[in-house]
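Undergrad: Handing you a structure now.
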Amino acid sequence: MLKSNRSPSFLEVKNLTLQYKTGGYLLTAIHDISFKVEKSDRLVLLGSSGCGKSTILKAIGGFIKPSHGSITLNGKEVKKPGFDRAVVFQEFDQLLPWKSALENVAFAIQASKKISKKEAEEEAEVFLKKVNLQKFANSYPHELSGGMKQRVAIARCLALKSKVILMDEPFASLDALTRQKMQEELLELWTDTQFTLIFVTHSIDEAITLGTRIVMLSPHPGEVIEEIDVDLSSFDYYPEFAELKERISRILFRDQLDYVI
Ligand SMILES: Nc1ncnc2c1ncn2[C@@H]1O[C@H](COP(=O)(O)OP(=O)(O)O)[C@@H](O)[C@H]1O
Ligand SMILES: [Mg+2]
């Protein structure tokens with residue numbers, strides 16, 4: 001789909017190539033990737049394991065530098081990590097175990113701006129309420145379920161007023177029912193707060209459920225195969241969901257299918 005080039009997009013990834021130095025040689029993890037993200041998009045990066053999804057997120061997070069190409073947010077080049085981009089990692093153990101849910105969120109707020117502990121805790125309470133965890137404010141991470149810990153991590157991102165939330169397969173290790181619930185909660189949260197989401201997954205179902213746009217990546221080294229818009233409102237009927245799922249698998253496995261046919 002062609003988009004007008006009049007004003008720059010909110011986030012732009014341009015001709016991004018990333019190489020890792022391993023042993024004596026360079027491993028190309030992703031090659032010449034370009035895509036644009038508009039404010040309040042829910043962009044999903046979809047591809048098989050090892051295609052470079054985490055690498056792209058880490059580069060947007062500012063944790064690794066592009067070998068070629070650029071990433072710009074609001075027209076400014078991303079050079080290092082910042083509070084404007086928050087990352088929710090694959091692992092659940094991203095909270096400080098010796099701090100309660102409330103203290104985990106308050107601690108991040110205090111790290112991002114000059115504010116008293118009491119003020120930070122009051123603010124943290126508001127965000128814990130947004131993710132429906134007000135009753136667990138004083139619980140410690142080991143007393144919370146995986147899904148609840150994930151919600152604390154999201155509350156922390158929202159509290160930091162991050163413009164972009166980057167999520168790296170956050171629900172991959174959950175059982176199917178919890179996963180579905182977390183997806184629904186994430187969509188509800190997005191409806192309430194309209195953050196910009198970049199979500200990484202290898203699940204076609206999850207991509208269709210969560211994305212307003214899906215960028216499909218080829219296997220290692222990752223390149224963009226195709227990008228499609230998703231209109232969730234047209235998924236009132238299962239056949240439409242199944243049809244899109246079929247279309248996406250055909251695109252993702254095009255090469256293999258050509259080979260088989
Ligand atoms: N720190 C690293 N050093 C060397 N190679 C890496 C490193 N991180 C990832 N890779 C390699 O880069 C490729 C892409 O990895 P990754 O971004 O983790 O893929 P995905 O998240 O899609 O599974 C893989 O071949 C992986 O082995
Ligand atoms: Mg990964």
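Chain lettering (A, B, ...) mirrors the order of the structure tokens, residue numbering begins at 1 for each chain separately, and ligand numbering begins at 1 in order of display.
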Would you list, as a PyMOL selection string, the residues of stretch 30-163 of chain A that end up in strand (DSSP E or B) under DSSP run on this structure's backbone?
TA: chain A and resi 30-37+42-46+68-73+76-77+85-88
Undergrad: For those residues, write C-alpha atoms to a file as a CSV table (one decimal), in the first residue's frame.
TA:
chain,number,residue,atom,x,y,z
A,30,ILE,CA,18.3,-8.5,9.7
A,31,HIS,CA,18.8,-7.0,6.3
A,32,ASP,CA,17.5,-3.8,4.8
A,33,ILE,CA,14.3,-3.6,6.9
A,34,SER,CA,12.0,-0.6,6.4
A,35,PHE,CA,8.6,0.2,7.9
A,36,LYS,CA,6.7,3.1,9.3
A,37,VAL,CA,4.6,3.4,12.5
A,42,ARG,CA,-0.5,-1.4,16.9
A,43,LEU,CA,2.2,-2.7,14.7
A,44,VAL,CA,3.0,-6.4,14.8
A,45,LEU,CA,6.3,-7.8,13.7
A,46,LEU,CA,5.6,-11.4,12.7
A,68,HIS,CA,23.3,0.4,8.3
A,69,GLY,CA,20.2,2.5,8.0
A,70,SER,CA,18.4,4.6,10.7
A,71,ILE,CA,15.6,4.7,13.1
A,72,THR,CA,13.8,8.1,13.8
A,73,LEU,CA,11.2,8.9,16.4
A,76,LYS,CA,14.9,12.6,15.7
A,77,GLU,CA,17.3,9.8,15.3
A,85,ARG,CA,10.4,4.0,24.5
A,86,ALA,CA,9.6,1.4,27.0
A,87,VAL,CA,10.3,-2.3,26.6
A,88,VAL,CA,8.3,-5.2,28.0
Undergrad: Could you tell me, counting only C-alpha atoms and all ligand atoms, which protein and nucleic acid residues lie no more than 9 Å from ligand 1, written as a PDB file with C-alpha atoms, in the first residue's frame?
TA:
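So result.pdb came out as:
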ATOM      1  CA  LEU A  18      22.091  -5.239  11.877  1.00  0.00           C
ATOM      2  CA  GLN A  19      25.087  -7.446  12.183  1.00  0.00           C
ATOM      3  CA  TYR A  20      26.502  -9.171  15.250  1.00  0.00           C
ATOM      4  CA  LYS A  21      30.182  -9.890  15.645  1.00  0.00           C
ATOM      5  CA  THR A  22      30.413 -13.516  16.657  1.00  0.00           C
ATOM      6  CA  GLY A  23      33.788 -15.215  16.915  1.00  0.00           C
ATOM      7  CA  LEU A  26      29.820 -10.930  11.141  1.00  0.00           C
ATOM      8  CA  LEU A  27      26.381 -12.479  11.363  1.00  0.00           C
ATOM      9  CA  THR A  28      23.677 -10.530   9.546  1.00  0.00           C
ATOM     10  CA  ALA A  29      20.597 -10.761  11.792  1.00  0.00           C
ATOM     11  CA  ILE A  30      18.336  -8.487   9.740  1.00  0.00           C
ATOM     12  CA  LEU A  46       5.596 -11.398  12.658  1.00  0.00           C
ATOM     13  CA  GLY A  47       8.175 -13.995  11.733  1.00  0.00           C
ATOM     14  CA  SER A  48       9.676 -17.332  12.681  1.00  0.00           C
ATOM     15  CA  SER A  49      12.157 -17.810  15.485  1.00  0.00           C
ATOM     16  CA  GLY A  50      15.614 -16.420  14.698  1.00  0.00           C
ATOM     17  CA  CYS A  51      14.456 -14.035  11.942  1.00  0.00           C
ATOM     18  CA  GLY A  52      15.586 -11.018  13.931  1.00  0.00           C
ATOM     19  CA  LYS A  53      12.428  -9.745  15.662  1.00  0.00           C
ATOM     20  CA  SER A  54      14.116  -9.140  19.028  1.00  0.00           C
ATOM     21  CA  THR A  55      17.043  -7.526  17.221  1.00  0.00           C
ATOM     22  CA  ILE A  56      14.700  -4.977  15.605  1.00  0.00           C
ATOM     23  CA  LEU A  57      13.061  -4.180  18.962  1.00  0.00           C
ATOM     24  CA  LYS A  58      16.426  -3.792  20.677  1.00  0.00           C
ATOM     25  CA  ASP A 168       8.814  -8.843  22.771  1.00  0.00           C
ATOM     26  CA  GLU A 169       6.655 -11.988  22.745  1.00  0.00           C
ATOM     27  CA  VAL A 200       6.667  -8.999  18.330  1.00  0.00           C
ATOM     28  CA  THR A 201       5.268 -12.498  17.898  1.00  0.00           C
ATOM     29  CA  HIS A 202       5.708 -15.701  15.925  1.00  0.00           C
ATOM     30  CA  LEU A 217       9.474 -11.056   8.030  1.00  0.00           C
ATOM     31  CA  PRO A 219      13.421 -16.359   7.968  1.00  0.00           C
ATOM     32  CA  HIS A 220      17.000 -15.543   8.911  1.00  0.00           C
ATOM     33  CA  PRO A 221      18.322 -13.033   7.961  1.00  0.00           C
ATOM     34  CA  GLY A 222      15.042 -11.181   8.355  1.00  0.00           C
TER      35      GLY A 222
END
Undergrad: Write out as a PyMOL selection string all residues of stretch 47-198 of chain A that DSSP puts in alpha helix (DSSP H) for this structure's backbone.
TA: chain A and resi 53-61+101-112+117-130+146-159+176-193
Undergrad: Using atom CA of A:Lys149 and atom CA of A:Phe136 as the two end points, give the distance in Å to one decimal.
TA: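 Atom CA of A:Phe136 lies 10.4 Å from atom CA of A:Lys149.
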Undergrad: Taking only C-alpha atoms and all ligand atoms into account, which of A:Glu143, A:Pro170, A:Thr212, A:Tyr238 comes nearest ligand 2?
TA: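 Checking each of A:Glu143, A:Pro170, A:Thr212, A:Tyr238 against ligand 2, counting only C-alpha atoms and all ligand atoms, the winner is A:Pro170.
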Undergrad: List as a list in words the protein and nucleic acid residues near A:Asn74, meaning an atom at most 8 Å away when only C-alpha atoms are counted, but skip any in the same chain fewer than 3 places from it.
TA: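 With the cut-off at 8 Å, the set is Pro8, Ser9, Phe10 and Leu11 of chain A.
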Undergrad: Check the smallest atom-to-atom distance from each of A:Ala153, A:Gln183, A:Ser145, A:Met167 to ligand 2 using only C-alpha atoms and all ligand atoms, then report the winner.
TA: A:Met167
Undergrad: Can you work out which one of A:Gln180, A:Val126, A:Ala159, A:Phe253 has the shortest atom-to-atom distance to A:Gln110, counting only C-alpha atoms?
TA: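 Of the candidates, the smallest distance to A:Gln110 is held by A:Ala159.
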